[in-house]
Each structure stands twice: as C-alpha cells, then as structure tokens.
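K.L.:
I'm passing along model_5.cif; it holds mmCIF, C-alpha atoms.
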data_input
#
loop_
_atom_site.label_atom_id
_atom_site.label_comp_id
_atom_site.auth_asym_id
_atom_site.auth_seq_id
_atom_site.Cartn_x
_atom_site.Cartn_y
_atom_site.Cartn_z
CA MET A 1 0.00 0.00 0.00
CA ILE A 2 1.29 3.46 -0.95
CA GLU A 3 0.03 6.74 0.53
CA GLU A 4 1.01 10.18 -0.82
CA ARG A 5 1.21 13.12 1.57
CA ASN A 6 2.64 16.64 1.81
CA ILE A 7 4.75 18.38 4.44
CA ILE A 8 6.07 21.94 4.75
CA ILE A 9 9.84 22.16 5.36
CA GLY A 10 10.91 25.76 5.85
CA ASP A 11 9.27 27.55 2.93
CA ARG A 12 9.02 24.45 0.73
CA LEU A 13 6.19 22.03 0.12
CA ILE A 14 7.61 18.49 -0.03
CA THR A 15 5.49 15.67 -1.43
CA TYR A 16 6.40 12.28 -0.06
CA GLU A 17 5.18 8.71 -0.30
CA ILE A 18 4.65 6.25 2.53
CA HIS A 19 5.19 2.64 1.47
CA TYR A 20 3.60 0.36 4.06
CA LYS A 21 5.56 -2.87 4.45
CA ASN A 22 5.93 -5.67 6.93
CA ILE A 23 9.10 -4.26 8.50
CA LYS A 24 10.14 -3.35 12.05
CA HIS A 25 11.77 0.05 11.55
CA CYS A 26 11.03 3.22 9.56
CA TYR A 27 13.33 4.02 6.64
CA LEU A 28 13.75 7.08 4.41
CA ARG A 29 15.27 7.44 0.96
CA VAL A 30 15.17 9.99 -1.85
CA GLN A 31 14.68 8.13 -5.12
CA GLN A 32 14.74 10.00 -8.45
CA GLY A 33 13.92 13.25 -6.65
CA LYS A 34 11.03 11.77 -4.65
CA THR A 35 11.02 11.31 -0.88
CA VAL A 36 9.93 7.79 0.11
CA ILE A 37 9.24 6.46 3.60
CA SER A 38 9.04 2.70 4.17
CA MET A 39 7.37 1.60 7.39
CA SER A 40 4.77 -0.75 8.86
CA LYS A 41 1.16 0.21 9.56
CA GLY A 42 2.09 0.09 13.22
CA HIS A 43 3.82 3.45 12.82
CA ASP A 44 1.82 6.66 12.51
CA VAL A 45 2.31 9.59 10.13
CA LYS A 46 4.08 11.58 12.87
CA THR A 47 6.89 8.98 12.83
CA ALA A 48 7.36 9.55 9.08
CA GLU A 49 7.28 13.33 9.37
CA ASP A 50 9.69 13.36 12.32
CA LEU A 51 12.12 11.34 10.20
CA ILE A 52 11.73 13.80 7.31
CA ARG A 53 12.34 16.81 9.55
CA LYS A 54 15.39 15.12 11.09
CA ASN A 55 16.87 14.67 7.58
CA GLN A 56 15.40 17.78 5.95
CA GLU A 57 18.71 19.35 4.89
CA LEU A 58 19.84 16.16 3.13
CA ILE A 59 16.41 15.67 1.53
CA VAL A 60 16.36 19.18 0.04
CA LYS A 61 19.90 18.75 -1.32
CA GLN A 62 18.98 15.45 -2.98
CA ILE A 63 15.76 16.79 -4.48
CA ASP A 64 17.56 19.84 -5.90
CA SER A 65 20.42 17.74 -7.28
CA PHE A 66 17.96 15.52 -9.13
CA ALA A 67 15.91 18.41 -10.55
CA ASP A 68 19.04 19.98 -12.05
CA ARG A 69 20.00 16.98 -14.21
CA ALA A 70 17.95 17.28 -17.39
CA ARG A 71 15.08 18.91 -19.25
CA TYR A 72 14.47 16.90 -22.39
CA GLU A 73 13.12 19.46 -24.87
CA ASN A 74 14.32 21.96 -27.45
CA ASN A 75 16.47 24.54 -25.66
CA GLY A 76 16.43 22.28 -22.64
CA TYR A 77 19.57 20.74 -21.18
CA VAL A 78 21.29 17.68 -19.80
CA SER A 79 24.14 17.40 -17.34
CA LEU A 80 27.10 15.34 -18.50
CA PHE A 81 29.86 14.68 -15.96
CA GLY A 82 28.79 17.73 -13.96
CA LYS A 83 28.59 20.14 -16.92
CA LYS A 84 25.38 21.39 -18.53
CA TYR A 85 24.83 21.01 -22.27
CA GLN A 86 22.04 22.79 -24.12
CA LEU A 87 19.75 20.55 -26.18
CA ILE A 88 19.00 21.72 -29.71
CA VAL A 89 16.32 19.66 -31.49
CA ARG A 90 16.44 19.40 -35.28
CA ASP A 91 13.91 16.75 -36.20
CA LEU A 92 15.31 14.93 -39.23
CA HIS A 93 13.57 11.67 -38.26
CA MET A 94 16.88 10.08 -37.24
CA LYS A 95 17.95 8.55 -33.94
CA LYS A 96 21.21 10.50 -33.99
CA TRP A 97 23.00 13.25 -32.13
CA ALA A 98 26.02 15.52 -32.45
CA VAL A 99 27.96 17.63 -29.95
CA HIS A 100 29.36 21.09 -30.67
CA ASP A 101 30.36 23.89 -28.29
CA GLN A 102 28.50 22.74 -25.17
CA LYS A 103 25.43 21.95 -27.26
CA ILE A 104 23.95 18.55 -28.06
CA TYR A 105 22.00 18.44 -31.32
CA ILE A 106 19.18 15.89 -31.38
CA TYR A 107 17.99 14.80 -34.84
CA GLY A 108 14.77 12.97 -33.95
CA GLN A 109 11.41 13.42 -32.19
CA ASN A 110 12.03 11.30 -29.11
CA VAL A 111 14.40 13.73 -27.43
CA GLU A 112 14.70 11.89 -24.14
CA ALA A 113 15.41 8.49 -25.73
CA ILE A 114 18.07 9.88 -28.07
CA ALA A 115 19.71 12.00 -25.37
CA THR A 116 19.68 9.03 -22.99
CA ALA A 117 21.38 6.83 -25.59
CA PHE A 118 24.06 9.50 -26.02
CA LEU A 119 24.59 9.83 -22.26
CA LYS A 120 24.74 6.06 -21.79
CA GLU A 121 27.39 5.77 -24.49
CA GLN A 122 29.46 8.53 -22.86
CA LEU A 123 29.25 6.90 -19.45
CA TYR A 124 30.13 3.44 -20.78
CA ASN A 125 33.15 4.76 -22.66
CA TYR A 126 34.41 6.65 -19.62
CA ILE A 127 33.99 3.68 -17.26
CA GLU A 128 35.65 1.33 -19.76
CA MET A 129 38.62 3.68 -20.12
CA LYS A 130 39.03 4.11 -16.36
CA ILE A 131 38.76 0.37 -15.61
CA LYS A 132 41.43 -0.38 -18.22
CA ALA A 133 43.74 2.14 -16.53
CA TYR A 134 43.01 0.82 -13.04
CA LEU A 135 43.66 -2.78 -14.09
CA VAL A 136 47.06 -1.81 -15.49
CA HIS A 137 48.20 0.17 -12.47
CA ASP A 138 46.15 -0.81 -9.40
CA PHE A 139 44.42 -4.19 -9.80
CA ASP A 140 45.51 -7.63 -10.94
CA LEU A 141 42.12 -8.66 -12.31
CA HIS A 142 40.50 -9.85 -15.51
CA PHE A 143 38.57 -7.14 -17.31
CA PRO A 144 34.95 -7.39 -16.11
CA GLU A 145 31.74 -7.18 -18.10
CA ILE A 146 30.27 -3.68 -17.77
CA GLN A 147 26.53 -3.04 -17.60
CA ILE A 148 24.79 0.34 -17.40
CA ARG A 149 21.23 0.42 -16.09
CA GLN A 150 18.96 2.50 -13.90
CA MET A 151 19.04 1.29 -10.32
CA LYS A 152 16.79 2.46 -7.51
CA SER A 153 19.09 2.45 -4.53
CA ARG A 154 22.71 1.79 -5.53
CA TRP A 155 25.34 3.56 -7.60
CA GLY A 156 26.97 0.27 -8.52
CA ALA A 157 26.86 -3.47 -7.93
CA CYS A 158 29.61 -6.07 -8.26
CA PHE A 159 28.83 -9.66 -9.23
CA TYR A 160 32.32 -10.97 -8.66
CA GLN A 161 31.41 -14.61 -9.31
CA LYS A 162 30.24 -13.63 -12.82
CA ASN A 163 33.04 -11.09 -13.36
CA ARG A 164 30.44 -8.38 -13.95
CA ILE A 165 29.89 -4.86 -12.64
CA CYS A 166 26.64 -2.91 -13.04
CA PHE A 167 26.74 0.88 -12.86
CA ASN A 168 23.80 3.19 -12.27
CA PHE A 169 22.95 5.28 -15.33
CA SER A 170 22.53 8.32 -13.06
CA LEU A 171 26.31 8.43 -12.60
CA VAL A 172 26.51 10.17 -15.97
CA PHE A 173 25.18 13.36 -14.38
CA LEU A 174 27.92 13.47 -11.71
CA ASP A 175 31.46 14.79 -11.56
CA LYS A 176 34.07 12.31 -12.74
CA GLU A 177 35.75 12.15 -9.33
CA LEU A 178 32.56 10.62 -7.91
CA ILE A 179 32.30 8.15 -10.78
CA ASP A 180 35.93 7.18 -10.17
CA TYR A 181 35.12 6.40 -6.55
CA VAL A 182 32.23 4.11 -7.56
CA ILE A 183 34.47 2.32 -10.07
CA VAL A 184 37.19 1.73 -7.48
CA HIS A 185 34.59 0.70 -4.89
CA GLU A 186 33.17 -1.99 -7.16
CA LEU A 187 36.58 -3.21 -8.33
CA CYS A 188 37.64 -3.63 -4.71
CA HIS A 189 34.75 -6.03 -4.23
CA PHE A 190 36.69 -8.50 -6.39
CA LEU A 191 39.35 -8.39 -3.66
CA GLN A 192 37.02 -8.22 -0.67
CA PRO A 193 33.40 -9.27 -1.47
CA ASN A 194 31.96 -7.47 1.56
CA HIS A 195 32.06 -4.10 3.33
CA SER A 196 34.57 -5.07 5.98
CA LYS A 197 37.42 -2.97 7.33
CA ALA A 198 39.74 -4.81 4.92
CA PHE A 199 37.51 -3.76 2.01
CA TYR A 200 37.76 -0.08 2.86
CA GLN A 201 41.50 -0.44 3.35
CA GLU A 202 41.70 -1.64 -0.26
CA ILE A 203 39.82 1.47 -1.38
CA LYS A 204 42.04 3.74 0.72
CA LYS A 205 45.18 2.31 -0.93
CA ARG A 206 43.89 3.60 -4.26
CA LEU A 207 41.85 6.63 -3.17
CA PRO A 208 43.20 8.02 0.12
CA GLN A 209 40.45 10.68 0.25
CA TYR A 210 37.61 8.29 -0.62
CA GLN A 211 35.49 9.33 2.38
CA LEU A 212 34.95 12.77 0.85
CA ALA A 213 33.44 11.16 -2.26
CA GLU A 214 31.28 8.92 -0.08
CA ARG A 215 29.86 11.92 1.75
CA LYS A 216 29.12 13.75 -1.50
CA LEU A 217 27.31 10.72 -2.96
CA LYS A 218 25.07 10.49 0.11
CA GLU A 219 23.87 14.03 -0.61
CA ILE A 220 22.86 13.17 -4.18
CA SER A 221 19.57 11.57 -5.17
CA ILE A 222 19.88 8.40 -7.22
#
For this file, produce the structure as structure tokens.
P.N.:
Amino acid sequence: MIEERNIIIGDRLITYEIHYKNIKHCYLRVQQGKTVISMSKGHDVKTAEDLIRKNQELIVKQIDSFADRARYENNGYVSLFGKKYQLIVRDLHMKKWAVHDQKIYIYGQNVEAIATAFLKEQLYNYIEMKIKAYLVHDFDLHFPEIQIRQMKSRWGACFYQKNRICFNFSLVFLDKELIDYVIVHELCHFLQPNHSKAFYQEIKKRLPQYQLAERKLKEISI
C-alpha cells in the first residue's frame, strides 16, 4: 500500500510517499527526486514526518540535485559529468545526435530516448577507459563485463562470481571524481566481497580521500 502526503519544510512544500511494508523500523530514501518512507502500519504519520524533519537538509539537497539533471526538450539541457549542455532539437527523423560547443544536437522526435542513448554511451566509454587504466596500475584482475542500467538504490553493484559490474545510469550526471570512486569501490569487491574494514582499506590504498566522495554521494539523489 502506498500513501502520498505533503509536508512543509521551511518555505518548501515536499510531497512524499509512505510505502507500508511488513518491517520493524522506519526508513527514508530519496529516489529519483522523490522522498519515500518505508514503514509498517504500526507506525503513525508523525513517525514519518519526524524522520523527514530530522533529515530535511539532506532531503532538500537530494531533491535539488535531481531536478538539475535534465530537461528533455528543445532549448532544454542535460548534465554530462557535472557540466550542462544545451539541447538543440532538429527533427530529421533520425535517432542520432552531435555535440558542438557545449550543445547537443538531437535529430529525432524522441528527445529523451536519443539524449539518454548518447549519455549512456558517454558513461560506458568513460567507465571502460578508467577500468582499463586501473587494471594496469592498481588491480591484478580480468577485465569485467560492464553493464549500465537504472538502479533504484545503488550507484553500482559487483557480481564478482560472474566477473560483472553494473553501474547506475545516473552516474553520468555526476562529476568524474565521484564516478571514479564508484568504479574503485566496485573493483575492490573482487578483492574483498563485503564491506569489511579490509575492504575499505583496499579502497584507501587507491583513493586516500575516498570518504569525501562517499559523503558527496550520500547528498545526491539516485
């Protein structure tokens, strides 16, 4: 069961969803710019709203970060690796694009689909390039299969037994330093398939300031 409600935080109206589940505790997440509370029917609305108020600064940051990513229309924009590109639509009935001077030209009607294909290609190429470099200098591993897909709650996932890493499509909107952290994080799972102290030591060997990237990612809505 899902219930939609509103709450005023400061001078902002925040719409949030309550997902009623058979769970003991109350959990909060911001998913694609939407605030979601998961809790049992044994909790009341005050429990949900107290949790929102307790995390209001983080919630507002995540909502704003998501809203700033893309507007898929002529003279709209998309963010690519932390930089905004203007979208120019020239409908030539082709599923193609071109990039010139901080502008992305879209040559078909389905602007979002074509722009998404472009962004996915850019993200894949960047991740592939970085993994190749890391494997030469920092990891003694076989090159893994790379998958890009939209995930609800994780920036990446390592399936070490299948030699595969999945990356969240939403990474394409972020600065490269944050993407690099996610890449190293998932590669380190091939060395330590857990989140133990030894795992984070492996990350620290390669990214001594990794905790800064972790904090930044927690402030960004997936």
K.L.:
Just say which residues the PyMOL selection byres ((chain A and resi 151-161) around 7) picks in this file, as a list in words.
P.N.:
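Expected selection for the PyMOL selection byres ((chain A and resi 151-161) around 7) here is Gln31, Arg149, Gln150, Lys162, Asn163, Arg164, Ile165, Cys166, Phe167, Asn168, Val182, Glu186, His189, Phe190 and Ile222 of chain A.
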K.L.:
Could I get the residues of region 123-154 of chain A with an atom no further than 10 Å from an atom of region 203-213 of chain A, each paired with its nearest atom pair and that distance in Å to one decimal, using all atoms listed in the file, sorted by chain and residue number, as a tab-separated table?
P.N.:
residue	atom	partner	partner_atom	distance
A:Tyr134	CA	A:Arg206	CA	9.3
A:His137	CA	A:Arg206	CA	9.9
A:Asp138	CA	A:Arg206	CA	7.1
A:Phe139	CA	A:Arg206	CA	9.6
K.L.:
Give me, as a count of residues only, all polymer residues having an atom no more than 8 Å from Lys95 (chain A), counting only C-alpha atoms and skipping those fewer than 3 positions away in the same chain.
P.N.:
4
K.L.:
Nearest to Met39 (chain A) among A:Glu219, A:Asp180, A:Glu17, A:Asp64, with distances taken over all atoms listed in the file: which residue is it?
P.N.:
A:Glu17
K.L.:
Nearest to Val184 (chain A) among A:Cys26, A:Leu80, A:Ile104, A:Ile131, with distances taken over all atoms listed in the file: which residue is it?
P.N.:
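Smallest distance to Val184 (chain A) is found for A:Ile131.
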K.L.:
List as an MDAnalysis selection string the protein and nucleic acid residues near Phe199 (chain A), meaning an atom at most 9 Å away when only C-alpha atoms are counted, but skip any in the same chain fewer than 6 places from it.
P.N.:
chainID A and resid 185 188:189 191:193
K.L.:
I'd like the interatomic distance between CA of Leu92 (chain A) and CA of Ala113 (chain A), to a tenth of an Å.
P.N.:
15.0 Å
K.L.:
Kindly indicate which residue among A:Lys46, A:His25, A:Lys84, A:Lys176 lies nearest to Leu123 (chain A), using only C-alpha atoms for the distances.
P.N.:
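Answer, going by the shortest atom-to-atom distance: A:Lys176.
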